[in-house]
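*Asks:* Okay, here's the structure, questions in a sec.
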Amino acid sequence: MASMKFKADQVAEMLNGTVDGNPDVYVSTLSKIEEGIEGSISFLSNDLYTPYIYDTDASLVVVNESFVPEKDIKATLIRVKDARESFAALLAYFDPNQKDIRGIHPSSVIAEGVEIDESNFVGACCVIESGAKIGKNVKLYAQVFIGENAVIGDNTIVLAGAKILYRCELGADIIIHPGVVIGGDGFGFAPNSENNYAKVPQIGNVIIEDHVEIGSNTTIDRATLGSTIIRKGVKLDNLIQIAHNVEIGENTVMAAQVGIAGSTKLGKNCMMGGQSGLIGHITLADGVMIAGQSGVGKSVEKEGEVLIGSPAIPKTDYGRTLVIAKRVPKLIEEVKLLKAEIENLKNLITENGR
Amino acid sequence: MASMKFKADQVAEMLNGTVDGNPDVYVSTLSKIEEGIEGSISFLSNDLYTPYIYDTDASLVVVNESFVPEKDIKATLIRVKDARESFAALLAYFDPNQKDIRGIHPSSVIAEGVEIDESNFVGACCVIESGAKIGKNVKLYAQVFIGENAVIGDNTIVLAGAKILYRCELGADIIIHPGVVIGGDGFGFAPNSENNYAKVPQIGNVIIEDHVEIGSNTTIDRATLGSTIIRKGVKLDNLIQIAHNVEIGENTVMAAQVGIAGSTKLGKNCMMGGQSGLIGHITLADGVMIAGQSGVGKSVEKEGEVLIGSPAIPKTDYGRTLVIAKRVPKLIEEVKLLKAEIENLKNLITENGR
Amino acid sequence: MASMKFKADQVAEMLNGTVDGNPDVYVSTLSKIEEGIEGSISFLSNDLYTPYIYDTDASLVVVNESFVPEKDIKATLIRVKDARESFAALLAYFDPNQKDIRGIHPSSVIAEGVEIDESNFVGACCVIESGAKIGKNVKLYAQVFIGENAVIGDNTIVLAGAKILYRCELGADIIIHPGVVIGGDGFGFAPNSENNYAKVPQIGNVIIEDHVEIGSNTTIDRATLGSTIIRKGVKLDNLIQIAHNVEIGENTVMAAQVGIAGSTKLGKNCMMGGQSGLIGHITLADGVMIAGQSGVGKSVEKEGEVLIGSPAIPKTDYGRTLVIAKRVPKLIEEVKLLKAEIENLKNLITENGR
């Protein structure tokens with residue numbers, strides 16, 4: 001951790017906020033509100049954690065402007081527009097990983113003709129093949145693999161052991177986490193006469209635009225022809241599968257273990273919950289949201305539609321389905337009663353008719 | 001891309017097809033039909049893409065013999081028996097990755113006594129341990145690991161960073177994609193008296209037969225005893241989990257993120273959709289198909305059975321269940337009406353009886 | 001395999017069991033009961049495999065004390081308290097992987113100041129960064145990465161290509177399988193004014209306590225602040241995702257492809273089936289069991305509760321739901337009959353009233 005020390009009013013100024021409470025408080029580290037220690041700054045944005053603010057030992061707590069305490073709070077509050085966003089900014093101040101490392105480790109194997117300039121870092125046991133193009137300020141951590149003719153844009157960071165295969169193209173300001181595989185062959189086979197499969201060569205590549213982040217051990221396959229495309233600002237969590245010829249629109253976000261089958265296209269600003277999946281050859285409009293573990297089997301044309309279930313249906317229909325399902329036990333009771341009433345009526349009629 | 005140039009009739013001959021349209025057309029590259037460019041050859045086999053054929057700028061399009069256009073087409077058609085299969089063959093002609101690389105990179109660490117002959121390629125930073133047997137024309141790309149006494153058959157390709165652990169045996173003509181782990185320990189623990197777990201040693205191995213392809217970051221665990229077996233021609237997509245002592249029958253195909261629990265046995269020619277799973281200790285007959293995200297909890301004895309859902313049931317039952325579920329709202333209405341009618345009847349009877 | 005040879009009574013003594021059958025039998029290897037060969041010892045604990053015991057060629061079979069054969073058995077039985085536990089102990093005797101390897105391969109890159117003593121093994125092409133602390137008897141297999149200031153406790157084994165990132169802390173007697181990533185960044189982004197996302201720095205770490213085992217290609221993310229914590233005795237299978245700030249209680253066990261979202265806390269002795277998931281910011285009581293493919297959306301407060309479904313509900317409710325769903329077809333029939341009866345009654349009344 002950095003050994004910087006900030007006073008309450010300095011923090012308020014950094015975050016464009018106001019001090020509420022004792023202004024003579026110093027902090028030198030960060031803490032979670034439920035584990036707050038003296039001399040640390042914490043934050044509160046999720047209501048679930050509100051109970052902790054009354055007991056925390058954190059010296060400062062960043063809260064939303066609108067926060068109204070229900071009892072006394074020992075800590076000094078820093079009131080800001082968006083506590084979560086402000087705290088993210090603070091984290092960057094204290095980030096111990098923000099080092100300006102450079103240089104090429106001698107154990108790395110770099111093909112002749114590949115230019116690595118002095119702004120770059122190449123860790124131990126990396127392999128960079130011929131024709132690869134490495135931008136300015138790129139950091140390749142230990143055991144990274146960059147294949148033939150692959151392109152890595154400026155300021156991009158590739159973490160330990162990630163593999164970027166031949167002819168794949170990464171833009172600028174990208175973060176690739178450990179164990180990621182970019183450019184494995186798409187899963188393409190043509191059934192043949194002997195009741196088995198012939199491989200369909202996958203001669204396309206993967207294009208990843210600027211400001212994308214890709215989580216550990218995620219896999220993105222190269223296109224059969226053309227490119228699998230990850231647009232600007234996309235964020236992918238860990239262990240996600242992106243099949244060949246998929247295209248993911250700008251700023252779309254996916255939680256861990258999502259799977260997207262071949263040739264499917266997602267719009268901008270979509271969100272996919274953990275372990276959800278899309279079948280191949282469909283299209284999602286902009287802003288579509290898919291709940292965790294849901295499976296989408298056809299295109300979604302309505303912008304901002306929210307879908308749940310496997311197979312997934314619009315959230316409103318899903319809610320109605322649940323309500324209807326819950327009425328079945330009552331229905332069983334009602335039918336039982338109706339039967340009894342009809343028996344009674346029959347008896348009455350028989351008596352009447354007698 | 002290769003710089004070869006082919007005339008329409010040459011392509012027709014290569015594919016055993018016929019020319020329909022202008023025969024004086026040359027192509028030097030491949031394209032997707034929706035992104036066709038002049039001088040390229042494309043294909044059409046999926047009906048979803050039919051609309052593109054009328055506007056494509058591709059000079060040649062490979063289509064099924066049976067294709068009947070609904071309007072004029074600018075491109076020359078090559079009519080073949082199976083457009084997809086023919087295009088796969090064409091891709092191989094244009095595949096830029098079909099190089100005959102050989103040699104051993106000096107940074108690789110190869111144990112004494114391991115024989116690598118001049119037909120082989122071993123990329124940078126590979127590790128091959130003692131007792132490993134490497135066949136003819138094997139290609140081990142950068143950072144691959146081959147454990148003690150492992151066996152790699154002729155023509156097999158292991159891509160960057162894949163790990164083949166000790167005593168596992170791979171046949172011929174296999175492709176292992178980056179990040180795959182073959183032979184991690186099976187997940188076996190015996191609860192013991194202290195309410196925790198003792199590891200059950202996993203002393204078996206993994207056997208992979210000829211013509212198998214395994215996608216990026218997939219994991220196949222070694223058997224407790226005996227072998228986990230992947231039969232000839234099996235194709236596994238990315239991020240799949242195959243547990244210890246599983247056996248997968250010939251030419252069975254699995255989409256990404258499938259999970260197979262321990263000791264389960266699949267027949268030949270089965271297909272499993274993405275994110276589906278099988279519990280342990282069950283058996284699937286030949287040709288069984290499991291829909292995406294489905295979960296199978298008991299053995300399937302009927303050949304060719306198609307199952308859907310979690311828990312999975314036969315497709316026909318599943319369809320019936322959906323139809324029945326959809327009738328519940330109508331049922332609620334009907335019961336409401338019956339109630340009203342019974343009230344009416346009661347009133348009538350009371351009047352009558354009066 | 002080891003070339004040791006044991007007589008029936010020796011095995012019985014080793015396992016604290018009794019000989020039932022011919023005592024003059026020798027074994028030198030292990031086998032599965034369905035593939036038993038002469039001179040081998042097998043075991044039976046799962047009822048599904050009982051039919052095999054009557055035909056097995058294994059010379060010895062370890063069975064539970066309570067086992068009552070229904071026909072003659074050729075093999076000699078060793079009766080023990082818990083056949084599975086006893087067999088696990090036997091496996092350890094025959095484990096070919098129990099070697100005492102030591103030494104540092106010269107191709108590994110170890111930062112200055114990192115102490116590796118003579119009790120350790122460091123395989124080829126490993127990278128150990130500055131400030132890392134390596135305990136006694138630690139084994140780091142080929143291509144392992146240990147980041148800056150990471151800590152590896154005594155007797156811990158890290159298999160080929162696993163990555164332990166900076167400042168993560170592993171206890172003693174841990175096994176980390178190939179391709180595992182410990183300490184990738186948590187998935188944290190703050191939406192900003194330009195409708196895209198700013199990265200929230202992840203400055204915490206991962207702490208893994210003693211006796212944990214983690215399967216191939218599993219990923220455990222570092223905390224935003226504080227630590228993601230895996231408690232003593234936890235067993236994680238392959239391809240599991242553990243998000244930032246998660247805490248997993250002692251001896252909890254997860255099957256493959258489970259996903260746990262951020263900040264969720266699991267109690268002790270929980271069990272999660274394959275492909276199941278927990279959303280973020282919830283708590284599971286001790287001993288909670290989640291069925292395979294289930295998805296839990298809220299905290300579970302009852303100890304030992306068993307949940308099924310997506311969204312998951314208690315097993316008893318789930319059973320009732322299934323029973324209710326199955327009654328709908330009958331309900332449809334009943335309503336049809338009631339309608340007919342009411343028509344009859346109407347006619348009767350009309351006749352009566354006439």
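Residues in the structure tokens are named by chain (A, B, ... in the order shown) and by number from 1 within that chain; ligands are numbered from 1 in the order shown.
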Run DSSP on the backbone and grab whatever in stretch 127-346 of chain C lands in strand (DSSP E or B); send it over as a CSV table (one decimal) with C-alpha atoms, in the first residue's frame.
*Replies:*
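So the final result, stored in states-v9.csv, reads:
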chain,number,residue,atom,x,y,z
C,127,VAL,CA,8.8,-17.7,-12.9
C,128,ILE,CA,9.0,-16.6,-9.3
C,133,LYS,CA,7.9,-16.5,0.1
C,134,ILE,CA,8.2,-20.3,-0.5
C,139,LYS,CA,6.7,-28.4,-5.2
C,140,LEU,CA,6.2,-26.0,-8.1
C,145,PHE,CA,4.0,-18.5,-12.0
C,146,ILE,CA,4.4,-17.0,-8.5
C,151,VAL,CA,3.2,-16.6,-0.1
C,152,ILE,CA,3.2,-20.4,-0.5
C,157,ILE,CA,2.0,-28.4,-4.5
C,158,VAL,CA,1.3,-26.2,-7.5
C,163,LYS,CA,-0.6,-18.8,-11.8
C,164,ILE,CA,-0.5,-17.4,-8.3
C,169,GLU,CA,-1.3,-16.1,0.3
C,170,LEU,CA,-1.5,-19.9,0.2
C,175,ILE,CA,-2.8,-28.8,-4.1
C,176,ILE,CA,-3.4,-26.4,-7.0
C,181,VAL,CA,-5.5,-18.6,-11.8
C,182,ILE,CA,-5.4,-17.3,-8.2
C,183,GLY,CA,-5.6,-13.5,-7.9
C,184,GLY,CA,-6.9,-12.2,-11.3
C,189,PHE,CA,-16.6,-1.4,-13.0
C,190,ALA,CA,-18.3,1.9,-12.3
C,191,PRO,CA,-20.7,3.1,-15.0
C,197,TYR,CA,-17.3,1.8,-17.6
C,198,ALA,CA,-14.4,2.9,-15.5
C,199,LYS,CA,-12.3,0.1,-13.9
C,205,ASN,CA,-5.8,-10.3,-2.5
C,206,VAL,CA,-6.8,-14.0,-2.2
C,207,ILE,CA,-6.1,-16.0,1.0
C,208,ILE,CA,-6.2,-19.8,0.8
C,213,GLU,CA,-7.5,-28.5,-3.2
C,214,ILE,CA,-8.3,-26.6,-6.4
C,219,THR,CA,-10.3,-19.0,-11.3
C,220,ILE,CA,-10.3,-17.2,-8.0
C,221,ASP,CA,-10.4,-13.4,-8.2
C,227,SER,CA,-9.4,-10.7,0.8
C,228,THR,CA,-11.2,-13.3,-1.1
C,229,ILE,CA,-11.0,-16.2,1.5
C,230,ILE,CA,-11.0,-20.0,1.0
C,235,LYS,CA,-12.3,-28.7,-2.2
C,236,LEU,CA,-13.0,-27.1,-5.5
C,241,GLN,CA,-15.4,-19.3,-10.8
C,242,ILE,CA,-15.0,-17.6,-7.4
C,247,GLU,CA,-15.6,-16.3,1.5
C,248,ILE,CA,-16.0,-20.1,1.5
C,253,VAL,CA,-17.1,-28.8,-1.5
C,254,MET,CA,-18.0,-27.7,-5.0
C,259,GLY,CA,-20.0,-20.0,-10.1
C,260,ILE,CA,-20.0,-17.8,-7.0
C,265,LYS,CA,-20.3,-16.0,1.9
C,266,LEU,CA,-20.7,-19.7,2.3
C,271,MET,CA,-22.0,-28.8,-0.9
C,272,MET,CA,-22.6,-27.4,-4.4
C,277,GLY,CA,-24.4,-20.8,-9.0
C,278,LEU,CA,-24.9,-18.2,-6.3
C,283,THR,CA,-25.0,-15.8,2.8
C,284,LEU,CA,-25.3,-19.5,3.0
C,289,MET,CA,-26.6,-28.2,-0.1
C,290,ILE,CA,-27.3,-26.9,-3.6
C,295,GLY,CA,-29.2,-21.0,-9.0
C,296,VAL,CA,-29.6,-19.4,-5.6
C,300,VAL,CA,-30.2,-19.3,3.0
C,306,VAL,CA,-31.2,-28.5,0.6
C,307,LEU,CA,-32.2,-26.3,-2.4
C,308,ILE,CA,-33.0,-27.2,-6.0
C,309,GLY,CA,-34.0,-25.3,-9.2
C,312,ALA,CA,-33.6,-22.5,-6.2
C,313,ILE,CA,-36.2,-23.4,-3.6
C,314,PRO,CA,-36.1,-25.8,-0.7
*Asks:* With a cut-off of 8 Å, could you pull out the residues of chain C touching chain A and give me the nearest pair of atoms for each, distance in Å to one decimal, using only C-alpha atoms, ordered by chain and ascending number, as JSON lines?
*Replies:*
{"residue": "C:Val109", "atom": "CA", "partner": "A:Ala124", "partner_atom": "CA", "distance": 6.9}
{"residue": "C:Cys125", "atom": "CA", "partner": "A:Cys125", "partner_atom": "CA", "distance": 6.8}
{"residue": "C:Val127", "atom": "CA", "partner": "A:Ala124", "partner_atom": "CA", "distance": 6.7}
{"residue": "C:Gln143", "atom": "CA", "partner": "A:Gln143", "partner_atom": "CA", "distance": 7.7}
{"residue": "C:Phe145", "atom": "CA", "partner": "A:Ala160", "partner_atom": "CA", "distance": 7.4}
{"residue": "C:Gly161", "atom": "CA", "partner": "A:Gly161", "partner_atom": "CA", "distance": 7.8}
{"residue": "C:Lys163", "atom": "CA", "partner": "A:Ala160", "partner_atom": "CA", "distance": 7.1}
{"residue": "C:Gly179", "atom": "CA", "partner": "A:Gly179", "partner_atom": "CA", "distance": 7.0}
{"residue": "C:Val181", "atom": "CA", "partner": "A:Pro178", "partner_atom": "CA", "distance": 6.6}
{"residue": "C:Gly184", "atom": "CA", "partner": "A:Ser216", "partner_atom": "CA", "distance": 6.3}
{"residue": "C:Asp185", "atom": "CA", "partner": "A:His177", "partner_atom": "CA", "distance": 7.7}
{"residue": "C:Phe187", "atom": "CA", "partner": "A:Asp237", "partner_atom": "CA", "distance": 6.1}
{"residue": "C:Ala190", "atom": "CA", "partner": "A:Glu85", "partner_atom": "CA", "distance": 5.6}
{"residue": "C:Pro191", "atom": "CA", "partner": "A:Glu85", "partner_atom": "CA", "distance": 7.7}
{"residue": "C:Asn192", "atom": "CA", "partner": "A:Glu85", "partner_atom": "CA", "distance": 7.8}
{"residue": "C:Asn195", "atom": "CA", "partner": "A:Asn251", "partner_atom": "CA", "distance": 7.9}
{"residue": "C:Asn196", "atom": "CA", "partner": "A:Asn251", "partner_atom": "CA", "distance": 5.7}
{"residue": "C:Tyr197", "atom": "CA", "partner": "A:Gly233", "partner_atom": "CA", "distance": 7.2}
{"residue": "C:Lys199", "atom": "CA", "partner": "A:Ala88", "partner_atom": "CA", "distance": 7.5}
{"residue": "C:Val200", "atom": "CA", "partner": "A:Ala88", "partner_atom": "CA", "distance": 4.8}
{"residue": "C:Pro201", "atom": "CA", "partner": "A:Leu91", "partner_atom": "CA", "distance": 5.8}
{"residue": "C:Gln202", "atom": "CA", "partner": "A:Asp95", "partner_atom": "CA", "distance": 7.7}
{"residue": "C:Ile203", "atom": "CA", "partner": "A:Asp95", "partner_atom": "CA", "distance": 5.7}
{"residue": "C:Asn217", "atom": "CA", "partner": "A:Asn217", "partner_atom": "CA", "distance": 6.9}
{"residue": "C:Thr219", "atom": "CA", "partner": "A:Ser216", "partner_atom": "CA", "distance": 6.6}
{"residue": "C:Leu225", "atom": "CA", "partner": "A:Ser31", "partner_atom": "CA", "distance": 6.3}
{"residue": "C:Gly226", "atom": "CA", "partner": "A:Ser31", "partner_atom": "CA", "distance": 6.9}
{"residue": "C:Leu239", "atom": "CA", "partner": "A:Leu239", "partner_atom": "CA", "distance": 7.3}
{"residue": "C:Gln241", "atom": "CA", "partner": "A:Asn238", "partner_atom": "CA", "distance": 7.0}
{"residue": "C:Gly259", "atom": "CA", "partner": "A:Ala256", "partner_atom": "CA", "distance": 7.3}
{"residue": "C:Ala261", "atom": "CA", "partner": "A:Gly274", "partner_atom": "CA", "distance": 8.0}
{"residue": "C:Gly277", "atom": "CA", "partner": "A:Gln275", "partner_atom": "CA", "distance": 7.8}
{"residue": "C:Gly295", "atom": "CA", "partner": "A:Gln293", "partner_atom": "CA", "distance": 7.2}
{"residue": "C:Ser310", "atom": "CA", "partner": "A:Gln293", "partner_atom": "CA", "distance": 7.6}
{"residue": "C:Ile324", "atom": "CA", "partner": "A:Pro329", "partner_atom": "CA", "distance": 6.7}
{"residue": "C:Ala325", "atom": "CA", "partner": "A:Val328", "partner_atom": "CA", "distance": 7.8}
{"residue": "C:Val328", "atom": "CA", "partner": "A:Val328", "partner_atom": "CA", "distance": 7.6}
{"residue": "C:Leu331", "atom": "CA", "partner": "A:Ile332", "partner_atom": "CA", "distance": 6.9}
{"residue": "C:Glu334", "atom": "CA", "partner": "A:Val335", "partner_atom": "CA", "distance": 7.6}
{"residue": "C:Val335", "atom": "CA", "partner": "A:Val335", "partner_atom": "CA", "distance": 7.0}
{"residue": "C:Leu338", "atom": "CA", "partner": "A:Lys339", "partner_atom": "CA", "distance": 6.9}
{"residue": "C:Glu341", "atom": "CA", "partner": "A:Ile342", "partner_atom": "CA", "distance": 7.7}
{"residue": "C:Ile342", "atom": "CA", "partner": "A:Ile342", "partner_atom": "CA", "distance": 7.4}
{"residue": "C:Leu345", "atom": "CA", "partner": "A:Lys346", "partner_atom": "CA", "distance": 7.0}
{"residue": "C:Leu348", "atom": "CA", "partner": "A:Ile349", "partner_atom": "CA", "distance": 7.7}
{"residue": "C:Ile349", "atom": "CA", "partner": "A:Ile349", "partner_atom": "CA", "distance": 7.1}
{"residue": "C:Asn352", "atom": "CA", "partner": "A:Gly353", "partner_atom": "CA", "distance": 6.2}
*Asks:* Could you please determine the separation between atom CA of A:Gly171 and atom CA of C:Cys126 in Å, to one decimal place?
*Replies:*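 A separation of 29.3 Å between them.
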*Asks:* What is the distance, in Å and to one decimal place, between atom CA of A:Lys5 and atom CA of A:Thr29?
*Replies:*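 Separation between atom CA of A:Lys5 and atom CA of A:Thr29: 7.9 Å.
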*Asks:* Write out as a list of chain:residue names which residues come within 9 Å of C:Asp24 when counting only C-alpha atoms, dropping same-chain ones fewer than 5 positions away.
*Replies:*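 After dropping sequence-adjacent residues, the list is C:Lys7, C:Ala8, C:Asp9.
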*Asks:* Can you write just those residues out, all heavy atoms, as an mmCIF file, in the first residue's frame?
*Replies:*
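Everything below was put into part-v1.cif:
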data_model
loop_
_atom_site.group_PDB
_atom_site.id
_atom_site.type_symbol
_atom_site.label_atom_id
_atom_site.label_comp_id
_atom_site.auth_asym_id
_atom_site.auth_seq_id
_atom_site.Cartn_x
_atom_site.Cartn_y
_atom_site.Cartn_z
ATOM 1 N N LYS C 7 -0.476 -60.232 0.880
ATOM 2 C CA LYS C 7 -1.376 -61.361 1.088
ATOM 3 C C LYS C 7 -2.669 -60.851 1.727
ATOM 4 O O LYS C 7 -2.680 -59.780 2.350
ATOM 5 C CB LYS C 7 -0.696 -62.378 2.035
ATOM 6 C CG LYS C 7 -1.112 -63.815 1.751
ATOM 7 C CD LYS C 7 -0.498 -64.772 2.768
ATOM 8 C CE LYS C 7 -1.304 -66.065 2.818
ATOM 9 N NZ LYS C 7 -0.883 -66.896 3.959
ATOM 10 N N ALA C 8 -3.748 -61.619 1.579
ATOM 11 C CA ALA C 8 -5.057 -61.188 2.063
ATOM 12 C C ALA C 8 -5.019 -60.724 3.519
ATOM 13 O O ALA C 8 -5.557 -59.667 3.864
ATOM 14 C CB ALA C 8 -6.083 -62.307 1.888
ATOM 15 N N ASP C 9 -4.356 -61.490 4.378
ATOM 16 C CA ASP C 9 -4.376 -61.112 5.799
ATOM 17 C C ASP C 9 -3.560 -59.852 6.075
ATOM 18 O O ASP C 9 -3.868 -59.094 6.987
ATOM 19 C CB ASP C 9 -3.930 -62.280 6.701
ATOM 20 C CG ASP C 9 -2.567 -62.826 6.316
ATOM 21 O OD1 ASP C 9 -1.993 -62.340 5.313
ATOM 22 O OD2 ASP C 9 -2.088 -63.748 7.003
#
*Asks:* Considering only C-alpha atoms, return as a count of residues only whatever protein or nucleic-acid residues lie within 12 Å of B:Val25, sequence-local ones (same chain, fewer than 5 positions apart) excluded.
*Replies:* 23
*Asks:* Among the residues of stretch 46-251 of chain C, find those DSSP assigns to alpha helix (DSSP H) from the backbone and print them as a PyMOL selection string.
*Replies:* chain C and resi 83-94
*Asks:* How about saving the chosen residues, all heavy atoms kept, as a short mmCIF file (atom, residue, chain, number, x, y, z; two decimals), in the first residue's frame?
*Replies:*
data_model
loop_
_atom_site.label_atom_id
_atom_site.label_comp_id
_atom_site.auth_asym_id
_atom_site.auth_seq_id
_atom_site.Cartn_x
_atom_site.Cartn_y
_atom_site.Cartn_z
N ALA C 83 -15.75 -49.10 3.09
CA ALA C 83 -14.97 -49.65 1.98
C ALA C 83 -14.31 -48.54 1.14
O ALA C 83 -13.17 -48.67 0.69
CB ALA C 83 -15.86 -50.51 1.09
N ARG C 84 -15.04 -47.44 0.95
CA ARG C 84 -14.50 -46.37 0.13
C ARG C 84 -13.28 -45.72 0.78
O ARG C 84 -12.24 -45.53 0.15
CB ARG C 84 -15.59 -45.32 -0.11
CG ARG C 84 -15.25 -44.32 -1.17
CD ARG C 84 -16.41 -43.36 -1.44
NE ARG C 84 -15.93 -42.15 -2.07
CZ ARG C 84 -15.56 -42.07 -3.34
NH1 ARG C 84 -15.64 -43.12 -4.13
NH2 ARG C 84 -15.11 -40.92 -3.83
N GLU C 85 -13.42 -45.46 2.08
CA GLU C 85 -12.32 -44.84 2.82
C GLU C 85 -11.10 -45.76 2.83
O GLU C 85 -9.97 -45.33 2.63
CB GLU C 85 -12.79 -44.51 4.24
CG GLU C 85 -11.90 -43.54 4.98
CD GLU C 85 -12.48 -43.16 6.35
OE1 GLU C 85 -13.73 -43.11 6.48
OE2 GLU C 85 -11.69 -42.92 7.28
N SER C 86 -11.35 -47.05 3.04
CA SER C 86 -10.25 -48.02 3.09
C SER C 86 -9.54 -48.11 1.75
O SER C 86 -8.32 -48.21 1.67
CB SER C 86 -10.78 -49.41 3.46
OG SER C 86 -11.21 -49.40 4.80
N PHE C 87 -10.34 -48.07 0.67
CA PHE C 87 -9.72 -48.18 -0.63
C PHE C 87 -8.87 -46.96 -0.95
O PHE C 87 -7.81 -47.06 -1.56
CB PHE C 87 -10.79 -48.39 -1.71
CG PHE C 87 -10.22 -48.92 -2.98
CD1 PHE C 87 -9.79 -50.23 -3.08
CD2 PHE C 87 -10.09 -48.11 -4.09
CE1 PHE C 87 -9.24 -50.73 -4.25
CE2 PHE C 87 -9.55 -48.59 -5.27
CZ PHE C 87 -9.13 -49.90 -5.35
N ALA C 88 -9.35 -45.80 -0.48
CA ALA C 88 -8.55 -44.57 -0.67
C ALA C 88 -7.19 -44.73 -0.02
O ALA C 88 -6.16 -44.34 -0.58
CB ALA C 88 -9.30 -43.37 -0.09
N ALA C 89 -7.19 -45.34 1.17
CA ALA C 89 -5.92 -45.56 1.87
C ALA C 89 -5.02 -46.50 1.05
O ALA C 89 -3.82 -46.28 0.91
CB ALA C 89 -6.19 -46.15 3.25
N LEU C 90 -5.64 -47.53 0.48
CA LEU C 90 -4.88 -48.48 -0.35
C LEU C 90 -4.27 -47.80 -1.57
O LEU C 90 -3.14 -48.09 -1.96
CB LEU C 90 -5.79 -49.59 -0.85
CG LEU C 90 -5.94 -50.84 -0.01
CD1 LEU C 90 -6.80 -51.84 -0.75
CD2 LEU C 90 -4.57 -51.45 0.31
N LEU C 91 -5.07 -46.89 -2.20
CA LEU C 91 -4.58 -46.18 -3.39
C LEU C 91 -3.28 -45.47 -3.09
O LEU C 91 -2.37 -45.45 -3.92
CB LEU C 91 -5.63 -45.16 -3.86
CG LEU C 91 -6.78 -45.70 -4.71
CD1 LEU C 91 -7.90 -44.69 -4.81
CD2 LEU C 91 -6.29 -46.08 -6.10
N ALA C 92 -3.21 -44.90 -1.89
CA ALA C 92 -1.99 -44.17 -1.54
C ALA C 92 -0.77 -45.09 -1.55
O ALA C 92 0.32 -44.69 -1.95
CB ALA C 92 -2.15 -43.49 -0.19
N TYR C 93 -0.97 -46.38 -1.13
CA TYR C 93 0.14 -47.34 -1.15
C TYR C 93 0.66 -47.57 -2.57
O TYR C 93 1.83 -47.81 -2.79
CB TYR C 93 -0.31 -48.71 -0.61
CG TYR C 93 -0.27 -48.81 0.88
CD1 TYR C 93 -1.42 -48.63 1.64
CD2 TYR C 93 0.92 -49.09 1.54
CE1 TYR C 93 -1.40 -48.74 3.02
CE2 TYR C 93 0.96 -49.20 2.92
CZ TYR C 93 -0.20 -49.02 3.66
OH TYR C 93 -0.16 -49.13 5.01
N PHE C 94 -0.27 -47.53 -3.54
CA PHE C 94 0.10 -47.88 -4.90
C PHE C 94 0.32 -46.65 -5.79
O PHE C 94 0.54 -46.78 -6.98
CB PHE C 94 -1.00 -48.76 -5.51
CG PHE C 94 -1.09 -50.14 -4.93
CD1 PHE C 94 -1.94 -50.43 -3.87
CD2 PHE C 94 -0.30 -51.17 -5.45
CE1 PHE C 94 -2.01 -51.71 -3.34
CE2 PHE C 94 -0.38 -52.45 -4.92
CZ PHE C 94 -1.23 -52.72 -3.86
#
*Asks:* Go through B:Thr50, B:Ser276, B:Thr224, B:Thr321 and flag the residue nearest B:Ile33, using only C-alpha atoms for the distances.
*Replies:* B:Thr50
